[in-house]
Protein chains: 2
Amino acid sequence: MALSGEDKSAIAKLSWQSRAFARDAYLIREGELSVLCTLLLAGFAFRQKLVSDGSRQIISFHIPGELLDVQNVLLDLADHNVQCLSRCTVAVVSRAQLLDLMGERPAIRRAIWLDSLIDSAVFREWVVNLGRRDAKQRIAHLLCELAARLKSSGNGEGEMYDFPFTQEQIADATGLTAVHTNRTLQTLRRDGLISLGMSKLTILDWEALADVGDFNERYLHHAV
Amino acid sequence: MALSGEDKSAIAKLSWQSRAFARDAYLIREGELSVLCTLLLAGFAFRQKLVSDGSRQIISFHIPGELLDVQNVLLDLADHNVQCLSRCTVAVVSRAQLLDLMGERPAIRRAIWLDSLIDSAVFREWVVNLGRRDAKQRIAHLLCELAARLKSSGNGEGEMYDFPFTQEQIADATGLTAVHTNRTLQTLRRDGLISLGMSKLTILDWEALADVGDFNERYLHHAV
DNA sequence: CGTTAATTTGAGACCATTCAATTTCGGTGG
DNA sequence: CCACCGAAATTGAATGGTCTCAAATTAACG
């Protein structure tokens with residue numbers, strides 16, 4: 001969304017600090033008040049929730065350039081965890097500062113709200129993915145989503161993307177076990193749809209992968 | 001969220017119209033521009049998306065008193081369908097009017113944004129429900145959520161609630177088949193947790209049902 | 001009171017899980 | 001630079017939860 005020069009300078013005037021986090025570090029914890037708002041400058045992160053038997057469901061992945069805490073900014077206590085997937089660098093501002101900025105600058109307010117609504121659209125698509133697709137479709141869909149977002153945010157060269165996800169994380173995002181995720185990835189490789197290894201994903205046949213995963217990028221709403 | 005008298009009168013000044021819809025009528029269609037914003041006055045509705053093989057995933061249910069189109073108000077084209085579950089009466093205002101009101105009145109803006117963030121929190125919980133819980137847990141969790149929301153919005157007498165959902169709809173919301181939903185509901189009845197029939201749900205043992213469904217209402221954020 | 005929708009029941013098939021063991025990868029220290 | 005280590009990926013076989021398909025029963029509606 002295009003912002004005016006004044007909006008941009010208002011953002012530049014924010015007092016923020018850069019912070020580094022290790023892999024697996026928590027940025028937000030369920031049950032705590034999140035008073036900070038963070039922008040992911042470098043590295044990957046994910047939202048996550050634990051269930052009674054101890055297993056974990058990943059709710060979304062986040063790539064460099066995305067806002068992480070908008071979902072919590074008006075809420076009392078966070079209802080989920082946000083965790084670093086790789087080493088991360090984030091820009092941090094206070095919740096109060098962000099809300100003030102939004103109060104003063106309608107275009108920024110709108111942009112941030114839009115961002116949170118696109119996050120919601122992704123959650124909805126994940127509900128569909130988990131509820132009505134089998135293993136092969138789920139994983140294909142997830143790979144399409146990540147590739148589409150990495151491409152449109154400028155992370156990636158051609159059809160090759162940084163891909164620091166473990167198979168266990170893919171499993172926790174798709175509602176599968178790591179074992180079955182492994183087997184399913186192998187069939188996607190065997191079918192010539194993807195190449196995956198050494199923290200790099202390459203989409204070899206985009207059209208076929210999107211077809212397998214029933215992927216339609218409308219729900220991303222041209223997210224940056 | 002408490003609104004001032006001025007805010008309330010600004011809302012009262014909106015030019016809205018009441019409309020009735022039949023069961024199964026579409027309020028929003030995927031791929032279309034939603035220029036209207038609706039408040040559900042009476043009846044139940046749900047969000048829904050279809051996948052390639054024609055099967056349907058329900059993404060959320062909505063009860064009287066809830067806003068339906070906030071998720072689409074800043075988006076170009078709707079990414080999902082919204083459909084009436086029972087006969088519905090809705091209040092309709094134009095998208096432009098709602099956005100104007102939000103521009104002028106910070107408290108209303110905040111309330112509506114909060115509403116959309118709580119919707120998101122529910123989507124996230126559904127991701128967890130579909131991804132990491134088995135059939136019995138999923139259905140118990142869904143029943144807890146609906147009961148909690150119906151209770152806090154004043155729809156319900158004691159532990160008995162209007163419950164116009166078919167088993168097929170519960171199946172499409174929990175990612176199961178209607179057949180397996182039927183068998184699972186029977187075990188919940190046999191265990192003495194619920195009583196269900198004639199469009200009425202009674203929670204016989206709230207604590208046990210919440211325990212089975214791993215239900216923690218924090219994610220509802222005391223939604224109205 | 002007839003007709004359609006919704007619920008219920010049964011049996012067999014299948015996708016994904018579980019559990020356990022093995023191999024490969026990535027990083028670290030000598 | 002190589003040996004080592006824990007993490008991650010891979011493989012196998014048996015189990016199980018859920019699905020599929022079909023039919024019967026019951027409830028809802030005009």
# chains A, B, ... in the order shown; residues from 1 in each chain; ligands from 1
$ residues_around --residues "region 9-26 of chain D" --least-positions-apart "3" --cutoff "7 Å" --atoms "only C-alpha atoms (C1' of nucleotides)" --output "PyMOL selection string"
chain C and resi 7-8+23-24
$ write_last_selection --atoms "N, CA, C and O atoms (P, O5', C5', C4', C3', O3' and C1' of nucleotides)" --output "short mmCIF file (atom, residue, chain, number, x, y, z; two decimals), in the first residue's frame"
data_model
loop_
_atom_site.label_atom_id
_atom_site.label_comp_id
_atom_site.auth_asym_id
_atom_site.auth_seq_id
_atom_site.Cartn_x
_atom_site.Cartn_y
_atom_site.Cartn_z
P DT C 7 -28.59 -33.95 11.38
"O5'" DT C 7 -28.83 -35.46 11.83
"C5'" DT C 7 -30.01 -35.81 12.52
"C4'" DT C 7 -30.12 -37.31 12.67
"C3'" DT C 7 -28.90 -37.99 13.32
"O3'" DT C 7 -29.36 -38.67 14.48
"C1'" DT C 7 -29.62 -39.16 11.40
P DT C 8 -28.36 -39.37 15.50
"O5'" DT C 8 -28.26 -40.85 14.91
"C5'" DT C 8 -29.42 -41.66 14.89
"C4'" DT C 8 -29.14 -42.96 14.16
"C3'" DT C 8 -27.93 -43.76 14.65
"O3'" DT C 8 -28.40 -44.96 15.23
"C1'" DT C 8 -28.12 -43.77 12.27
P DT C 23 22.56 -48.31 8.27
"O5'" DT C 23 22.42 -46.86 7.62
"C5'" DT C 23 21.44 -46.62 6.62
"C4'" DT C 23 21.35 -45.13 6.35
"C3'" DT C 23 22.70 -44.47 6.03
"O3'" DT C 23 22.57 -43.81 4.78
"C1'" DT C 23 21.51 -43.23 7.67
P DT C 24 23.83 -43.14 4.09
"O5'" DT C 24 23.57 -41.59 4.34
"C5'" DT C 24 22.34 -41.02 3.91
"C4'" DT C 24 22.20 -39.63 4.51
"C3'" DT C 24 23.36 -38.68 4.22
"O3'" DT C 24 22.84 -37.54 3.56
"C1'" DT C 24 22.76 -38.61 6.51
#
$ interface_residues --of "chain B" --to "chain D" --cutoff "9 Å" --atoms "only C-alpha atoms (C1' of nucleotides)" --output "list of chain:residue names"
B:Asp134, B:Ala135, B:Leu176, B:Thr177, B:Val179, B:His180, B:Met198
$ residues_around --residues "region 89-95 of chain A" --least-positions-apart "3" --cutoff "7 Å" --atoms "only C-alpha atoms (C1' of nucleotides)" --output "list in words"
Ser15, Trp16, Gln17, Ser18, Arg19, Ala20, Phe21, Val35, Leu36, Cys37, Thr38, Leu39, Leu40, Leu41, Ala42, Gly43, Val73, Leu98 and Leu99 of chain A
$ closest_atom_pairs --of "chain A" --to "chain B" --cutoff "8 Å" --atoms "only C-alpha atoms" --output "tab-separated table"
residue	atom	partner	partner_atom	distance
A:Lys49	CA	B:Val128	CA	7.1
A:Val51	CA	B:Asp214	CA	7.0
A:Ser52	CA	B:Asp214	CA	6.1
A:Ser55	CA	B:Arg132	CA	7.1
A:Arg56	CA	B:Arg132	CA	7.2
A:Gln57	CA	B:Val128	CA	5.6
A:Ile58	CA	B:Val128	CA	7.7
A:Ile59	CA	B:Arg124	CA	6.4
A:Gln71	CA	B:Leu117	CA	6.2
A:Asn72	CA	B:Leu117	CA	7.9
A:Leu74	CA	B:Leu114	CA	6.2
A:Leu75	CA	B:His221	CA	7.3
A:Asp76	CA	B:His221	CA	7.5
A:Asp79	CA	B:Tyr219	CA	5.3
A:Gly103	CA	B:Pro106	CA	7.6
A:Pro106	CA	B:Gly103	CA	7.6
A:Trp113	CA	B:Trp113	CA	7.5
A:Leu114	CA	B:Leu74	CA	6.2
A:Ser116	CA	B:Leu117	CA	7.7
A:Leu117	CA	B:Gln71	CA	6.2
A:Ser120	CA	B:Ser120	CA	5.3
A:Ala121	CA	B:Asp79	CA	7.4
A:Phe123	CA	B:Phe123	CA	5.9
A:Arg124	CA	B:Phe123	CA	6.1
A:Trp126	CA	B:Val127	CA	6.5
A:Val127	CA	B:Val127	CA	5.1
A:Val128	CA	B:Gln57	CA	5.6
A:Leu130	CA	B:Leu130	CA	5.9
A:Gly131	CA	B:Gly175	CA	4.1
A:Arg132	CA	B:Gly175	CA	5.9
A:Asp172	CA	B:Gly131	CA	7.8
A:Ala173	CA	B:Gly131	CA	7.7
A:Thr174	CA	B:Gly131	CA	6.7
A:Gly175	CA	B:Gly131	CA	4.1
A:Leu176	CA	B:Gly131	CA	7.6
A:Asp214	CA	B:Ser52	CA	6.1
A:Arg218	CA	B:Asp79	CA	6.4
A:Tyr219	CA	B:Asp79	CA	5.3
A:His221	CA	B:Leu75	CA	7.3
$ interface_residues --of "chain B" --to "chain C" --cutoff "10 Å" --atoms "only C-alpha atoms (C1' of nucleotides)" --output "PyMOL selection string"
chain B and resi 166-168+178-179+182-183+186
$ write_last_selection --atoms "C-alpha atoms" --output "tab-separated table (two decimals), in the first residue's frame"
chain	number	residue	atom	x	y	z
B	166	THR	CA	-26.77	-30.22	11.24
B	167	GLN	CA	-24.27	-32.99	11.76
B	168	GLU	CA	-23.04	-32.41	8.25
B	178	ALA	CA	-20.93	-36.69	8.64
B	179	VAL	CA	-20.86	-40.40	9.44
B	182	ASN	CA	-22.55	-38.94	14.10
B	183	ARG	CA	-20.66	-41.75	15.83
B	186	GLN	CA	-23.08	-40.59	20.17
$ atom_distance --atom1 "CA of Asn155 (chain A)" --atom2 "CA of Ser199 (chain A)"
13.5 Å
$ select_by_dssp --residues "region 9-200 of chain A" --states "strand (DSSP E)" --output "compact mmCIF listing (two decimals) with all heavy atoms, in the first residue's frame"
# COMPACT_ATOMS: atom_id res chain seq x y z
N GLN A 17 14.33 -0.09 18.30
CA GLN A 17 15.65 -0.68 18.47
C GLN A 17 15.70 -2.02 17.77
O GLN A 17 14.69 -2.71 17.63
CB GLN A 17 15.99 -0.84 19.94
CG GLN A 17 14.84 -1.15 20.85
CD GLN A 17 15.29 -1.39 22.27
OE1 GLN A 17 16.15 -2.22 22.51
NE2 GLN A 17 14.70 -0.68 23.20
N SER A 18 16.87 -2.35 17.36
CA SER A 18 17.08 -3.62 16.68
C SER A 18 17.53 -4.65 17.71
O SER A 18 18.33 -4.36 18.60
CB SER A 18 18.16 -3.42 15.61
OG SER A 18 18.56 -4.67 15.12
N ARG A 19 16.96 -5.85 17.60
CA ARG A 19 17.34 -6.90 18.55
C ARG A 19 17.57 -8.21 17.80
O ARG A 19 16.86 -8.51 16.84
CB ARG A 19 16.23 -7.13 19.57
CG ARG A 19 16.24 -6.12 20.68
CD ARG A 19 15.58 -6.73 21.91
NE ARG A 19 14.87 -5.70 22.65
CZ ARG A 19 13.91 -5.96 23.53
NH1 ARG A 19 13.53 -7.21 23.77
NH2 ARG A 19 13.31 -4.97 24.16
N ALA A 20 18.50 -8.97 18.29
CA ALA A 20 18.78 -10.27 17.68
C ALA A 20 18.27 -11.38 18.59
O ALA A 20 18.33 -11.26 19.81
CB ALA A 20 20.28 -10.42 17.45
N PHE A 21 17.75 -12.42 17.99
CA PHE A 21 17.26 -13.56 18.76
C PHE A 21 17.82 -14.85 18.18
O PHE A 21 18.02 -14.96 16.97
CB PHE A 21 15.73 -13.62 18.72
CG PHE A 21 15.06 -12.54 19.52
CD1 PHE A 21 14.73 -11.33 18.94
CD2 PHE A 21 14.78 -12.74 20.86
CE1 PHE A 21 14.12 -10.33 19.68
CE2 PHE A 21 14.18 -11.74 21.61
CZ PHE A 21 13.84 -10.54 21.02
N TYR A 26 11.64 -17.26 22.07
CA TYR A 26 10.25 -16.82 22.05
C TYR A 26 10.18 -15.30 21.91
O TYR A 26 10.83 -14.57 22.65
CB TYR A 26 9.54 -17.22 23.35
CG TYR A 26 9.06 -18.66 23.35
CD1 TYR A 26 9.93 -19.71 23.58
CD2 TYR A 26 7.72 -18.96 23.10
CE1 TYR A 26 9.49 -21.02 23.57
CE2 TYR A 26 7.28 -20.26 23.09
CZ TYR A 26 8.17 -21.29 23.33
OH TYR A 26 7.72 -22.59 23.31
N LEU A 27 9.35 -14.83 20.99
CA LEU A 27 9.12 -13.39 20.85
C LEU A 27 7.87 -12.99 21.62
O LEU A 27 7.77 -11.89 22.14
CB LEU A 27 8.97 -13.02 19.37
CG LEU A 27 10.24 -13.26 18.53
CD1 LEU A 27 9.96 -13.04 17.05
CD2 LEU A 27 11.36 -12.33 19.00
N ILE A 28 6.89 -13.86 21.65
CA ILE A 28 5.66 -13.64 22.40
C ILE A 28 5.29 -14.97 23.04
O ILE A 28 5.42 -16.02 22.41
CB ILE A 28 4.50 -13.21 21.48
CG1 ILE A 28 4.89 -11.99 20.65
CG2 ILE A 28 3.24 -12.94 22.30
CD1 ILE A 28 3.90 -11.71 19.54
N LEU A 36 5.23 -5.00 23.25
CA LEU A 36 6.14 -4.60 22.18
C LEU A 36 5.58 -5.04 20.83
O LEU A 36 4.86 -6.03 20.74
CB LEU A 36 7.51 -5.24 22.39
CG LEU A 36 8.23 -4.82 23.68
CD1 LEU A 36 9.53 -5.59 23.83
CD2 LEU A 36 8.48 -3.32 23.67
N CYS A 37 5.91 -4.24 19.81
CA CYS A 37 5.52 -4.62 18.46
C CYS A 37 6.77 -4.79 17.64
O CYS A 37 7.68 -3.96 17.72
CB CYS A 37 4.63 -3.56 17.85
SG CYS A 37 3.05 -3.48 18.67
N THR A 38 6.82 -5.85 16.86
CA THR A 38 8.07 -6.16 16.19
C THR A 38 7.87 -6.34 14.69
O THR A 38 6.85 -6.85 14.24
CB THR A 38 8.69 -7.45 16.76
OG1 THR A 38 7.75 -8.50 16.61
CG2 THR A 38 9.03 -7.29 18.22
N LEU A 39 8.88 -5.89 13.98
CA LEU A 39 8.96 -6.10 12.54
C LEU A 39 10.13 -7.03 12.30
O LEU A 39 11.23 -6.81 12.82
CB LEU A 39 9.20 -4.75 11.85
CG LEU A 39 9.53 -4.77 10.36
CD1 LEU A 39 8.33 -5.24 9.55
CD2 LEU A 39 9.98 -3.39 9.89
N LEU A 40 9.89 -8.07 11.54
CA LEU A 40 10.95 -9.05 11.29
C LEU A 40 11.87 -8.52 10.20
O LEU A 40 11.47 -8.41 9.03
CB LEU A 40 10.29 -10.38 10.88
CG LEU A 40 11.13 -11.63 10.79
CD1 LEU A 40 11.92 -11.86 12.07
CD2 LEU A 40 10.24 -12.83 10.52
N LEU A 41 13.09 -8.18 10.58
CA LEU A 41 14.05 -7.62 9.60
C LEU A 41 14.78 -8.74 8.85
O LEU A 41 14.97 -8.66 7.64
CB LEU A 41 15.07 -6.73 10.32
CG LEU A 41 14.51 -5.48 10.99
CD1 LEU A 41 15.59 -4.77 11.79
CD2 LEU A 41 13.91 -4.54 9.96
N ALA A 42 15.19 -9.75 9.59
CA ALA A 42 15.91 -10.86 8.95
C ALA A 42 15.61 -12.13 9.71
O ALA A 42 15.45 -12.12 10.93
CB ALA A 42 17.42 -10.59 8.95
N ALA A 45 10.16 -16.68 11.37
CA ALA A 45 9.49 -16.91 12.65
C ALA A 45 8.19 -17.67 12.41
O ALA A 45 7.77 -17.85 11.27
CB ALA A 45 9.22 -15.58 13.35
N PHE A 46 7.57 -18.11 13.50
CA PHE A 46 6.29 -18.79 13.34
C PHE A 46 5.42 -18.63 14.58
O PHE A 46 5.93 -18.42 15.68
CB PHE A 46 6.47 -20.28 13.02
CG PHE A 46 7.20 -21.07 14.05
CD1 PHE A 46 6.53 -21.78 15.03
CD2 PHE A 46 8.59 -21.12 14.06
CE1 PHE A 46 7.20 -22.51 15.99
CE2 PHE A 46 9.27 -21.87 15.02
CZ PHE A 46 8.58 -22.56 15.98
N ARG A 47 4.12 -18.72 14.37
CA ARG A 47 3.14 -18.74 15.46
C ARG A 47 2.86 -20.18 15.81
O ARG A 47 2.85 -21.04 14.93
CB ARG A 47 1.82 -18.10 15.02
CG ARG A 47 1.91 -16.66 14.71
CD ARG A 47 0.58 -16.10 14.24
NE ARG A 47 0.84 -14.85 13.57
CZ ARG A 47 1.08 -13.71 14.20
NH1 ARG A 47 1.04 -13.67 15.52
NH2 ARG A 47 1.36 -12.62 13.52
N GLN A 48 2.54 -20.43 17.05
CA GLN A 48 2.47 -21.81 17.51
C GLN A 48 1.61 -21.89 18.75
O GLN A 48 1.49 -20.94 19.52
CB GLN A 48 3.93 -22.19 17.78
CG GLN A 48 4.19 -23.43 18.51
CD GLN A 48 4.57 -23.15 19.94
OE1 GLN A 48 3.73 -23.29 20.81
NE2 GLN A 48 5.79 -22.73 20.21
N LYS A 49 0.98 -23.04 18.92
CA LYS A 49 0.17 -23.28 20.10
C LYS A 49 0.33 -24.73 20.51
O LYS A 49 0.42 -25.61 19.65
CB LYS A 49 -1.30 -22.98 19.75
CG LYS A 49 -2.06 -22.27 20.84
CD LYS A 49 -3.34 -21.66 20.28
CE LYS A 49 -4.25 -21.22 21.40
NZ LYS A 49 -5.38 -20.43 20.90
N LEU A 50 0.34 -25.00 21.79
CA LEU A 50 0.50 -26.37 22.28
C LEU A 50 -0.85 -26.90 22.75
O LEU A 50 -1.65 -26.15 23.31
CB LEU A 50 1.50 -26.41 23.43
CG LEU A 50 2.91 -25.90 23.07
CD1 LEU A 50 3.78 -25.81 24.31
CD2 LEU A 50 3.56 -26.78 22.02
N ARG A 56 2.32 -29.89 19.17
CA ARG A 56 2.39 -28.50 18.77
C ARG A 56 1.71 -28.30 17.43
O ARG A 56 1.85 -29.11 16.51
CB ARG A 56 3.87 -28.13 18.65
CG ARG A 56 4.15 -26.78 18.05
CD ARG A 56 5.64 -26.51 18.00
NE ARG A 56 6.30 -27.22 16.90
CZ ARG A 56 7.53 -26.94 16.47
NH1 ARG A 56 8.24 -26.01 17.06
NH2 ARG A 56 8.04 -27.62 15.47
N GLN A 57 0.95 -27.23 17.30
CA GLN A 57 0.43 -26.86 15.99
C GLN A 57 0.99 -25.52 15.60
O GLN A 57 0.84 -24.54 16.33
CB GLN A 57 -1.11 -26.81 15.99
CG GLN A 57 -1.70 -26.36 14.66
CD GLN A 57 -1.43 -27.33 13.53
OE1 GLN A 57 -1.46 -28.54 13.72
NE2 GLN A 57 -1.14 -26.82 12.33
N ILE A 58 1.64 -25.47 14.46
CA ILE A 58 2.12 -24.20 13.92
C ILE A 58 0.97 -23.56 13.15
O ILE A 58 0.25 -24.22 12.40
CB ILE A 58 3.35 -24.42 13.04
CG1 ILE A 58 4.52 -24.83 13.93
CG2 ILE A 58 3.68 -23.18 12.23
CD1 ILE A 58 5.81 -25.12 13.20
N ILE A 59 0.77 -22.26 13.38
CA ILE A 59 -0.41 -21.57 12.87
C ILE A 59 -0.08 -20.68 11.68
O ILE A 59 -0.92 -20.43 10.83
CB ILE A 59 -1.04 -20.74 14.01
CG1 ILE A 59 -1.45 -21.66 15.15
CG2 ILE A 59 -2.23 -19.93 13.54
CD1 ILE A 59 -1.71 -20.95 16.45
N SER A 60 1.15 -20.21 11.63
CA SER A 60 1.59 -19.45 10.45
C SER A 60 3.10 -19.30 10.49
O SER A 60 3.71 -19.40 11.56
CB SER A 60 0.94 -18.07 10.38
OG SER A 60 1.36 -17.26 11.46
N PHE A 61 3.65 -19.10 9.33
CA PHE A 61 5.08 -18.81 9.22
C PHE A 61 5.24 -17.35 8.84
O PHE A 61 4.36 -16.77 8.19
CB PHE A 61 5.72 -19.69 8.14
CG PHE A 61 5.85 -21.13 8.52
CD1 PHE A 61 5.19 -22.12 7.81
CD2 PHE A 61 6.63 -21.51 9.60
CE1 PHE A 61 5.31 -23.46 8.16
CE2 PHE A 61 6.75 -22.85 9.96
CZ PHE A 61 6.10 -23.82 9.24
N HIS A 62 6.37 -16.77 9.23
CA HIS A 62 6.61 -15.37 8.88
C HIS A 62 8.00 -15.17 8.33
O HIS A 62 8.96 -15.78 8.81
CB HIS A 62 6.35 -14.47 10.09
CG HIS A 62 4.90 -14.45 10.43
ND1 HIS A 62 4.00 -13.66 9.75
CD2 HIS A 62 4.17 -15.19 11.28
CE1 HIS A 62 2.78 -13.90 10.21
NE2 HIS A 62 2.85 -14.83 11.14
N ASN A 81 1.84 -18.47 20.98
CA ASN A 81 3.26 -18.17 21.06
C ASN A 81 3.79 -17.75 19.70
O ASN A 81 3.32 -18.24 18.67
CB ASN A 81 4.04 -19.42 21.52
CG ASN A 81 3.53 -19.95 22.84
OD1 ASN A 81 3.65 -19.31 23.87
ND2 ASN A 81 2.91 -21.13 22.81
N VAL A 82 4.78 -16.89 19.71
CA VAL A 82 5.51 -16.56 18.49
C VAL A 82 6.98 -16.84 18.77
O VAL A 82 7.52 -16.40 19.78
CB VAL A 82 5.32 -15.09 18.07
CG1 VAL A 82 6.11 -14.80 16.80
CG2 VAL A 82 3.86 -14.78 17.86
N GLN A 83 7.59 -17.59 17.86
CA GLN A 83 8.90 -18.14 18.10
C GLN A 83 9.79 -17.98 16.87
O GLN A 83 9.29 -17.99 15.74
CB GLN A 83 8.72 -19.63 18.41
CG GLN A 83 9.75 -20.24 19.32
CD GLN A 83 9.40 -21.66 19.70
OE1 GLN A 83 8.30 -22.14 19.41
NE2 GLN A 83 10.33 -22.33 20.35
N CYS A 84 11.08 -17.82 17.08
CA CYS A 84 12.02 -17.71 15.97
C CYS A 84 12.27 -19.08 15.37
O CYS A 84 12.48 -20.05 16.11
CB CYS A 84 13.34 -17.11 16.43
SG CYS A 84 13.19 -15.40 16.95
N CYS A 88 17.15 -14.55 14.21
CA CYS A 88 16.32 -13.45 13.73
C CYS A 88 16.86 -12.09 14.17
O CYS A 88 17.42 -11.97 15.26
CB CYS A 88 14.90 -13.55 14.29
SG CYS A 88 13.91 -14.82 13.52
N THR A 89 16.63 -11.11 13.33
CA THR A 89 16.81 -9.73 13.74
C THR A 89 15.47 -9.03 13.61
O THR A 89 14.83 -9.14 12.56
CB THR A 89 17.83 -8.99 12.84
OG1 THR A 89 18.99 -9.80 12.71
CG2 THR A 89 18.19 -7.64 13.43
N VAL A 90 15.04 -8.37 14.67
CA VAL A 90 13.74 -7.71 14.63
C VAL A 90 13.87 -6.25 15.05
O VAL A 90 14.77 -5.91 15.83
CB VAL A 90 12.72 -8.41 15.55
CG1 VAL A 90 12.55 -9.87 15.16
CG2 VAL A 90 13.11 -8.30 17.00
N ALA A 91 12.99 -5.42 14.51
CA ALA A 91 12.89 -4.03 14.96
C ALA A 91 11.74 -3.96 15.95
O ALA A 91 10.65 -4.46 15.68
CB ALA A 91 12.64 -3.10 13.78
N VAL A 92 11.97 -3.33 17.09
CA VAL A 92 10.98 -3.32 18.16
C VAL A 92 10.53 -1.90 18.46
O VAL A 92 11.37 -1.01 18.64
CB VAL A 92 11.57 -3.94 19.46
CG1 VAL A 92 10.52 -4.00 20.53
CG2 VAL A 92 12.15 -5.30 19.18
N VAL A 93 9.22 -1.67 18.51
CA VAL A 93 8.69 -0.41 19.04
C VAL A 93 7.66 -0.75 20.10
O VAL A 93 7.16 -1.88 20.17
CB VAL A 93 8.01 0.46 17.95
CG1 VAL A 93 9.00 0.90 16.90
CG2 VAL A 93 6.85 -0.26 17.34
N SER A 94 7.35 0.22 20.93
CA SER A 94 6.37 -0.05 21.97
C SER A 94 4.98 -0.08 21.36
O SER A 94 4.69 0.58 20.37
CB SER A 94 6.44 1.02 23.05
OG SER A 94 5.97 2.24 22.54
N MET A 160 14.05 -20.39 -6.76
CA MET A 160 14.79 -21.00 -5.65
C MET A 160 14.70 -20.08 -4.43
O MET A 160 14.87 -18.87 -4.55
CB MET A 160 16.24 -21.19 -6.06
CG MET A 160 17.12 -21.75 -4.98
SD MET A 160 18.54 -22.59 -5.73
CE MET A 160 19.72 -22.48 -4.41
N TYR A 161 14.40 -20.68 -3.29
CA TYR A 161 14.13 -19.90 -2.10
C TYR A 161 14.90 -20.42 -0.90
O TYR A 161 15.11 -21.63 -0.78
CB TYR A 161 12.63 -19.95 -1.76
CG TYR A 161 11.76 -19.58 -2.92
CD1 TYR A 161 11.25 -20.55 -3.77
CD2 TYR A 161 11.47 -18.25 -3.20
CE1 TYR A 161 10.46 -20.22 -4.86
CE2 TYR A 161 10.69 -17.90 -4.28
CZ TYR A 161 10.18 -18.89 -5.11
OH TYR A 161 9.41 -18.54 -6.18
N ASP A 162 15.28 -19.50 -0.01
CA ASP A 162 15.78 -19.93 1.29
C ASP A 162 14.68 -20.69 1.99
O ASP A 162 13.53 -20.25 2.02
CB ASP A 162 16.16 -18.70 2.14
CG ASP A 162 17.57 -18.22 1.81
OD1 ASP A 162 18.41 -19.07 1.46
OD2 ASP A 162 17.80 -17.01 1.89
N ILE A 194 9.33 -30.56 -7.03
CA ILE A 194 10.20 -29.70 -6.22
C ILE A 194 11.57 -30.33 -6.08
O ILE A 194 11.77 -31.52 -6.33
CB ILE A 194 9.63 -29.49 -4.80
CG1 ILE A 194 9.53 -30.84 -4.08
CG2 ILE A 194 8.28 -28.81 -4.84
CD1 ILE A 194 9.26 -30.73 -2.59
N SER A 195 12.48 -29.49 -5.65
CA SER A 195 13.79 -29.95 -5.20
C SER A 195 14.01 -29.31 -3.85
O SER A 195 13.79 -28.11 -3.67
CB SER A 195 14.84 -29.50 -6.21
OG SER A 195 16.11 -29.48 -5.60
N LEU A 196 14.39 -30.13 -2.87
CA LEU A 196 14.45 -29.62 -1.50
C LEU A 196 15.66 -30.20 -0.80
O LEU A 196 15.85 -31.40 -0.78
CB LEU A 196 13.16 -30.01 -0.76
CG LEU A 196 13.02 -29.57 0.69
CD1 LEU A 196 13.16 -28.07 0.83
CD2 LEU A 196 11.66 -30.00 1.23
N GLY A 197 16.46 -29.33 -0.23
CA GLY A 197 17.62 -29.80 0.52
C GLY A 197 18.57 -28.67 0.79
O GLY A 197 18.50 -27.62 0.15
N LYS A 200 17.36 -25.08 0.96
CA LYS A 200 16.90 -24.41 -0.26
C LYS A 200 15.73 -25.18 -0.85
O LYS A 200 15.77 -26.42 -0.93
CB LYS A 200 18.02 -24.34 -1.31
CG LYS A 200 19.20 -23.46 -0.93
CD LYS A 200 18.88 -22.00 -1.09
CE LYS A 200 20.06 -21.15 -0.65
NZ LYS A 200 19.74 -19.71 -0.65
$ residues_around --residues "Gly156 (chain A)" --least-positions-apart "3" --cutoff "12 Å" --atoms "only C-alpha atoms (C1' of nucleotides)" --output "MDAnalysis selection string"
chainID A and resid 63:64 146:153 159:163 200:203
$ select_by_dssp --residues "region 78-165 of chain B" --states "alpha helix (DSSP H)" --output "PyMOL selection string"
chain B and resi 95-104+106-132+135-152
$ atom_distance --atom1 "CA of Leu85 (chain B)" --atom2 "CA of Phe44 (chain B)"
5.2 Å
$ atom_distance --atom1 "CA of Ile11 (chain B)" --atom2 "CA of Glu66 (chain B)"
15.2 Å
